[in-house]
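What follows is the content of start-v3.txt, which has compact mmCIF, C-alpha atoms:
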# COMPACT_ATOMS: atom_id res chain seq x y z
CA MET Y 1 0.00 0.00 0.00
CA LYS Y 2 1.11 3.55 -0.65
CA PHE Y 3 1.01 5.87 2.37
CA ALA Y 4 1.27 9.62 2.86
CA ILE Y 5 2.20 10.71 6.38
CA GLN Y 6 1.26 14.03 7.94
CA ILE Y 7 2.82 15.18 11.22
CA ASN Y 8 1.17 18.10 12.99
CA GLU Y 9 3.12 18.40 16.24
CA GLY Y 10 6.63 19.38 17.25
CA PRO Y 11 9.22 16.97 18.63
CA TYR Y 12 9.53 16.11 22.35
CA GLN Y 13 6.50 18.22 23.32
CA HIS Y 14 4.27 15.62 21.73
CA GLN Y 15 4.46 11.96 20.78
CA ALA Y 16 3.03 12.49 17.27
CA SER Y 17 6.41 12.57 15.55
CA ASP Y 18 7.62 9.48 17.43
CA SER Y 19 4.47 7.55 16.54
CA ALA Y 20 4.71 8.64 12.94
CA TYR Y 21 8.33 7.55 12.84
CA PHE Y 22 7.56 4.07 14.15
CA PHE Y 23 4.56 3.75 11.83
CA THR Y 24 6.64 4.80 8.83
CA LYS Y 25 9.50 2.48 9.76
CA ALA Y 26 7.16 -0.48 10.27
CA ALA Y 27 5.34 0.21 7.01
CA LEU Y 28 8.61 0.30 5.09
CA GLU Y 29 9.81 -2.91 6.75
CA LYS Y 30 6.57 -4.59 5.69
CA GLY Y 31 7.25 -3.59 2.10
CA HIS Y 32 4.81 -0.70 1.85
CA GLU Y 33 5.63 2.52 0.07
CA ILE Y 34 5.80 5.93 1.74
CA PHE Y 35 4.96 8.51 -0.91
CA ARG Y 36 5.87 11.47 1.28
CA VAL Y 37 6.18 12.60 4.89
CA PHE Y 38 4.70 16.07 5.29
CA PHE Y 39 5.39 18.27 8.32
CA TYR Y 40 2.72 20.83 9.17
CA HIS Y 41 1.75 23.13 12.06
CA ASP Y 42 4.42 22.82 14.80
CA GLY Y 43 5.49 19.63 13.07
CA VAL Y 44 7.88 21.77 11.02
CA ASN Y 45 10.13 21.90 14.10
CA ASN Y 46 11.00 18.25 13.50
CA ALA Y 47 13.30 19.47 10.73
CA SER Y 48 15.68 21.59 12.82
CA ARG Y 49 19.27 20.39 12.45
CA LEU Y 50 20.11 22.44 15.57
CA THR Y 51 18.05 20.16 17.80
CA THR Y 52 20.23 18.98 20.70
CA PRO Y 53 18.47 16.58 23.07
CA PRO Y 54 20.25 15.16 26.15
CA GLN Y 55 22.57 12.31 25.25
CA ASP Y 56 20.45 9.66 26.92
CA ASP Y 57 17.36 10.63 24.90
CA ARG Y 58 16.38 9.83 21.31
CA ASN Y 59 17.28 12.36 18.62
CA VAL Y 60 13.98 12.76 16.77
CA VAL Y 61 15.43 14.80 13.92
CA ASP Y 62 18.46 12.59 13.26
CA ARG Y 63 16.28 9.51 13.48
CA TRP Y 64 13.99 10.82 10.73
CA ALA Y 65 17.00 11.82 8.67
CA ALA Y 66 18.56 8.35 8.99
CA LEU Y 67 15.31 6.65 7.96
CA ALA Y 68 15.01 9.03 5.02
CA GLU Y 69 18.58 8.28 3.99
CA GLN Y 70 18.02 4.56 4.19
CA HIS Y 71 14.75 4.54 2.22
CA ASP Y 72 15.15 7.68 0.12
CA LEU Y 73 12.11 9.25 1.82
CA ASP Y 74 10.71 12.55 0.59
CA MET Y 75 10.34 14.68 3.74
CA VAL Y 76 8.62 18.00 3.12
CA VAL Y 77 8.17 20.94 5.48
CA CYS Y 78 5.29 23.33 4.74
CA VAL Y 79 6.69 26.69 3.71
CA ALA Y 80 3.94 28.85 5.26
CA ALA Y 81 4.11 27.00 8.57
CA ALA Y 82 7.92 27.09 8.44
CA GLN Y 83 8.09 30.83 7.84
CA ARG Y 84 5.87 31.51 10.84
CA ARG Y 85 8.04 29.37 13.07
CA GLY Y 86 11.48 30.32 11.83
CA MET Y 87 12.38 27.10 10.00
CA VAL Y 88 14.75 28.33 7.31
CA ASP Y 89 16.64 26.86 4.36
CA GLU Y 90 19.09 28.63 2.05
CA GLY Y 91 16.36 29.84 -0.33
CA GLU Y 92 14.12 31.14 2.44
CA MET Y 93 17.06 32.83 4.13
CA GLN Y 94 17.84 34.81 1.00
CA ARG Y 95 14.22 35.48 0.07
CA ASN Y 96 13.36 36.82 3.51
CA GLY Y 97 16.64 38.53 4.29
CA LYS Y 98 17.53 36.29 7.24
CA ASP Y 99 21.04 35.65 8.54
CA ALA Y 100 20.94 31.89 9.15
CA THR Y 101 19.49 28.56 8.16
CA ASN Y 102 18.44 25.77 10.52
CA ILE Y 103 16.87 23.04 8.41
CA HIS Y 104 18.40 19.57 8.29
CA PRO Y 105 19.55 18.79 4.72
CA ARG Y 106 17.40 15.62 4.52
CA PHE Y 107 14.27 17.79 4.68
CA ARG Y 108 13.05 20.23 2.07
CA ILE Y 109 10.72 23.21 2.30
CA SER Y 110 7.82 23.32 -0.14
CA GLY Y 111 4.17 24.27 -0.42
CA LEU Y 112 0.91 22.84 0.85
CA GLY Y 113 0.25 21.54 -2.64
CA GLN Y 114 2.73 18.80 -1.78
CA LEU Y 115 0.40 17.62 0.98
CA VAL Y 116 -2.65 17.69 -1.27
CA GLU Y 117 -0.76 15.87 -4.04
CA ALA Y 118 0.42 13.24 -1.55
CA ALA Y 119 -3.18 12.67 -0.43
CA ILE Y 120 -4.27 12.23 -4.04
CA GLN Y 121 -1.43 9.93 -5.02
CA SER Y 122 -1.47 7.69 -1.94
CA ASP Y 123 -3.89 4.97 -0.90
CA ARG Y 124 -4.01 6.35 2.64
CA LEU Y 125 -3.18 9.65 4.32
CA VAL Y 126 -2.27 9.01 7.95
CA VAL Y 127 -2.34 12.08 10.19
CA PHE Y 128 -0.41 12.21 13.47
CA GLY Y 129 -1.29 14.90 16.01
CA ASP Y 130 -3.93 16.12 18.42
CA MET H 1 -3.89 19.54 -12.14
CA SER H 2 -4.74 15.92 -11.45
CA GLU H 3 -6.77 13.26 -13.23
CA THR H 4 -7.68 11.47 -10.04
CA ILE H 5 -10.67 12.93 -8.25
CA LYS H 6 -11.04 11.92 -4.64
CA GLN H 7 -13.54 12.83 -1.96
CA PHE H 8 -11.62 15.15 0.33
CA LEU H 9 -13.02 15.82 3.78
CA TYR H 10 -11.46 18.54 5.91
CA LEU H 11 -12.46 17.74 9.47
CA ASN H 12 -12.30 20.77 11.76
CA ARG H 13 -12.45 19.94 15.46
CA LYS H 14 -10.89 22.86 17.30
CA ALA H 15 -11.85 26.39 18.32
CA PRO H 16 -10.73 29.13 15.91
CA TYR H 17 -8.32 30.80 18.36
CA GLY H 18 -6.18 29.40 21.14
CA THR H 19 -4.36 27.16 18.70
CA ILE H 20 -3.48 27.67 15.05
CA TYR H 21 -5.09 24.45 13.75
CA ALA H 22 -8.22 26.15 12.40
CA TRP H 23 -6.36 28.82 10.46
CA GLU H 24 -3.77 26.47 9.04
CA SER H 25 -6.55 24.05 8.08
CA LEU H 26 -8.22 26.81 6.10
CA GLU H 27 -4.91 27.45 4.33
CA VAL H 28 -4.85 23.83 3.14
CA VAL H 29 -8.44 24.14 1.89
CA LEU H 30 -7.59 27.28 -0.11
CA ILE H 31 -4.43 25.79 -1.64
CA GLY H 32 -6.12 22.43 -2.18
CA ALA H 33 -8.87 24.07 -4.23
CA ALA H 34 -6.43 24.28 -7.15
CA PHE H 35 -6.39 20.47 -7.35
CA ASP H 36 -10.05 20.15 -8.42
CA GLN H 37 -10.99 17.45 -5.94
CA ASP H 38 -14.47 16.74 -4.56
CA VAL H 39 -14.17 18.80 -1.37
CA SER H 40 -16.30 18.81 1.78
CA LEU H 41 -15.70 20.54 5.08
CA ALA H 42 -16.95 19.21 8.38
CA PHE H 43 -17.17 21.02 11.70
CA VAL H 44 -17.52 19.08 14.94
CA ASP H 45 -16.80 19.61 18.64
CA ASP H 46 -15.30 23.07 19.32
CA GLY H 47 -14.71 23.32 15.56
CA VAL H 48 -18.27 24.66 15.21
CA TYR H 49 -17.06 27.91 16.81
CA GLN H 50 -14.99 28.56 13.68
CA LEU H 51 -18.14 29.41 11.74
CA THR H 52 -19.79 31.68 14.29
CA LYS H 53 -20.64 35.16 13.08
CA GLY H 54 -19.61 38.42 14.69
CA GLN H 55 -16.17 37.27 15.77
CA ASP H 56 -14.11 40.07 17.29
CA THR H 57 -10.47 39.29 18.00
CA ALA H 58 -9.36 42.78 18.99
CA GLY H 59 -9.00 41.80 22.63
CA ILE H 60 -6.60 38.93 21.95
CA GLY H 61 -4.44 40.60 19.32
CA MET H 62 -5.07 37.88 16.73
CA LYS H 63 -6.00 38.26 13.10
CA ASN H 64 -9.72 37.65 12.64
CA PHE H 65 -9.71 35.17 9.78
CA SER H 66 -13.41 34.34 9.96
CA PRO H 67 -14.31 36.47 6.87
CA THR H 68 -12.30 33.96 4.82
CA TYR H 69 -15.02 31.33 5.27
CA ALA H 70 -17.37 33.51 3.23
CA ALA H 71 -14.97 33.19 0.28
CA LEU H 72 -15.10 29.39 0.25
CA GLY H 73 -17.93 29.42 -2.29
CA ASP H 74 -15.59 31.12 -4.76
CA TYR H 75 -13.18 28.24 -4.22
CA GLU H 76 -15.87 25.73 -5.27
CA VAL H 77 -16.40 24.58 -1.71
CA LYS H 78 -20.12 23.90 -1.67
CA LYS H 79 -20.51 21.26 1.02
CA ILE H 80 -20.03 22.35 4.61
CA PHE H 81 -21.36 19.89 7.16
CA VAL H 82 -21.92 21.06 10.73
CA GLU H 83 -22.75 18.54 13.43
CA ARG H 84 -26.01 19.41 15.13
CA GLU H 85 -25.12 17.80 18.48
CA SER H 86 -21.88 19.80 18.67
CA LEU H 87 -23.86 23.02 18.19
CA GLU H 88 -26.50 22.05 20.76
CA GLU H 89 -23.94 21.00 23.35
CA ARG H 90 -22.52 24.52 23.13
CA GLY H 91 -25.86 26.32 23.21
CA LEU H 92 -25.52 27.31 19.56
CA SER H 93 -27.86 27.04 16.59
CA LEU H 94 -27.62 27.63 12.84
CA ASP H 95 -28.56 31.29 13.47
CA ASP H 96 -25.27 31.81 15.31
CA LEU H 97 -23.26 30.80 12.24
CA GLN H 98 -22.28 32.84 9.21
CA HIS H 99 -24.63 32.44 6.25
CA LEU H 100 -22.31 30.77 3.75
CA VAL H 101 -23.38 30.38 0.12
CA TRP H 102 -22.05 29.30 -3.25
CA GLU H 103 -23.22 30.41 -6.70
CA ASP H 104 -24.72 27.72 -8.91
CA GLU H 105 -23.70 28.62 -12.46
CA ASP H 106 -26.08 25.96 -13.83
CA ASP H 107 -28.99 27.73 -12.15
CA ASP H 108 -28.50 31.35 -13.27
CA TYR H 109 -25.88 31.88 -10.55
CA ALA H 110 -28.44 31.42 -7.81
CA GLU H 111 -26.94 31.60 -4.34
CA LYS H 112 -27.33 28.31 -2.51
CA ASP H 113 -26.64 27.47 1.11
CA SER H 114 -23.34 25.73 1.73
CA ILE H 115 -23.95 24.75 5.34
CA LYS H 116 -25.90 21.62 6.06
CA LEU H 117 -26.65 20.53 9.61
CA VAL H 118 -26.18 16.82 10.08
CA SER H 119 -26.55 14.48 13.03
CA ARG H 120 -23.60 12.79 14.68
CA GLU H 121 -24.67 9.54 13.04
CA GLU H 122 -24.78 11.18 9.61
CA MET H 123 -21.35 12.67 10.26
CA THR H 124 -19.87 9.22 10.77
CA ALA H 125 -21.23 8.20 7.36
CA ILE H 126 -19.75 11.34 5.78
CA MET H 127 -16.34 10.46 7.22
CA ASP H 128 -16.75 6.88 6.10
CA ASP H 129 -17.53 7.97 2.52
CA ALA H 130 -14.46 10.21 2.24
CA ASP H 131 -11.37 8.94 0.46
CA VAL H 132 -9.13 11.32 2.39
CA VAL H 133 -9.79 12.88 5.80
CA PHE H 134 -7.60 15.84 6.71
CA SER H 135 -8.07 16.05 10.45
CA PHE H 136 -7.40 19.37 12.15
Can you dump the structure from the file as structure tokens?
Amino acid sequence: MKFAIQINEGPYQHQASDSAYFFTKAALEKGHEIFRVFFYHDGVNNASRLTTPPQDDRNVVDRWAALAEQHDLDMVVCVAAAQRRGMVDEGEMQRNGKDATNIHPRFRISGLGQLVEAAIQSDRLVVFGD
Amino acid sequence: MSETIKQFLYLNRKAPYGTIYAWESLEVVLIGAAFDQDVSLAFVDDGVYQLTKGQDTAGIGMKNFSPTYAALGDYEVKKIFVERESLEERGLSLDDLQHLVWEDEDDDYAEKDSIKLVSREEMTAIMDDADVVFSF
């Protein structure tokens, strides 16, 4: 089956990203396809490469990045939600005159159309959040 | 933009202010309109407050985005389902909601009501019929 994953909550504050990670990992291990993982609302904060959890805790961002690397996942951060919350890539930095970037290179910033397209192209959209 | 047409249901469950879910849900609806899908909106629980008329956000320093709902008809959103029990549990009725309409170009551009009150039981069937449920 082909899945699209939507994550609506930030890391550590909420379990949504953890649950989505384990769901995605299990689906891939069972041979299913993940069309796209889309980060929305505070979920965009899952893409910060500056995240530094205590050493004895999981690293939510690096864990997503490793899974994406292993399975060539398309991980998309909503641009409108990202702008509000200060999630910045090179293009956004230049466009908005900012002085830094903070997005992990395994993620990319794009529009909400990517979420709608994922919902159309996939057999199931699975939403994680409150 | 796409040959596949699916039944999209945007399920709105939360109050309009306090959290950003309602506003960012509306942003998906507006962007999603470009994809020519069969779109419905549903409002349940505190989500019914999103459609109330006369919202004034001056006291909380938030943008009042409620006028945007009146534009949904122009985005070909013609089906807005509001759960009757959710309204009643909050002491609200249809009269407390904005009068939302869409123009039927096959009927001399007559304005038709977009909002339909449905029971909780009917709402479950609406969710069941949808191909995609965007839950906010």
Contacts of Ala71 (chain H) at 12 Å (only C-alpha atoms; same-chain gap of 2+ positions) as a VMD selection string: chain H and resid 26 29 to 30 33 65 to 69 73 to 78 98 to 103 114
Define the interface residues of chain H facing chain Y as those within 10 Å, counting only C-alpha atoms, and report them as a ChimeraX atom specification. /H:1-8,13-14,19-21,24-25,27-35,37,131-136
What is the CA of Ile109 (chain Y)-CA of Arg49 (chain Y) distance in Å, reported with one decimal?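 Atom-to-atom, CA of Ile109 (chain Y) and CA of Arg49 (chain Y) are spaced 13.6 Å apart.
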Atom-to-atom span, CA of Gly47 (chain H) and CA of Cys78 (chain Y), Å: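 A separation of 22.7 Å between them.
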Could you check how far CA of Thr24 (chain Y) sits from CA of Arg108 (chain Y), in Å to one decimal?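 Answer for the CA of Thr24 (chain Y) to CA of Arg108 (chain Y) separation: 18.0 Å.
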Find the residue from Y:Asn46, Y:Ala26, Y:Asp89, Y:Val79 that sits nearest to Gln13 (chain Y); use all atoms listed in the file when measuring. Y:Asn46
Rank H:Ala130, H:Leu117, H:Ala110, H:Ile60 by their smallest atom-to-atom distance to Glu88 (chain H), using all atoms listed in the file, and report the top residue only.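 Comparing H:Ala130, H:Leu117, H:Ala110, H:Ile60 against Glu88 (chain H), the winner is H:Leu117.
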Please return the centre and edge lengths, in Å to one decimal, of a box with edges along x, y and z that contains all listed atoms of region 63-80 of chain Y, widened by 6 Å on every side, as AutoDock Vina command-line options.
--center_x 11.3 --center_y 16.7 --center_z 6.8 --size_x 26.6 --size_y 36.3 --size_z 25.4
I need the residue nearest Tyr17 (chain H) from this list: H:Asp56, H:Glu89, H:Glu111, H:Asp45. Use all atoms listed in the file for the distance.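 Checking each candidate against Tyr17 (chain H), we get H:Asp56 as the closest.
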Of the listed residues H:Glu85, H:Asp129, H:Asp106, H:Asp46, that which approaches Asn12 (chain H) most closely, counting all atoms listed in the file: H:Asp46
Step by step: start from the point (8.3, 2.7, 10.7) in the file's coordinates, keep every protein, DNA or RNA residue that has an atom no farther than 12 Å from it, count only C-alpha atoms, and write the set as a VMD selection string. chain Y and resid 3 5 17 to 34 37 63 to 64 66 to 68 70 to 71 73
Mind listing whatever residues come within 12 Å of the point (11.2, 25.6, 3.8)? Use only C-alpha atoms, file coordinates, and give them as a PyMOL selection string. chain Y and resi 38-40+44-45+47-48+75-96+101-112
Looking at all atoms listed in the file, which of H:Ser93, H:Met127, H:Asp108, H:Gly54 is the one that sits closest to Ser40 (chain H)?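 Counting all atoms listed in the file, the residue closest to Ser40 (chain H) is H:Met127.
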Spatial neighbours of Met123 (chain H), 10 Å, all atoms listed in the file, chain gap at least 5 places, as a list of chain:residue names: H:Ala42, H:Phe43, H:Val44, H:Phe81, H:Val82, H:Glu83, H:Arg84, H:Leu117, H:Val118, H:Asp128, H:Asp129
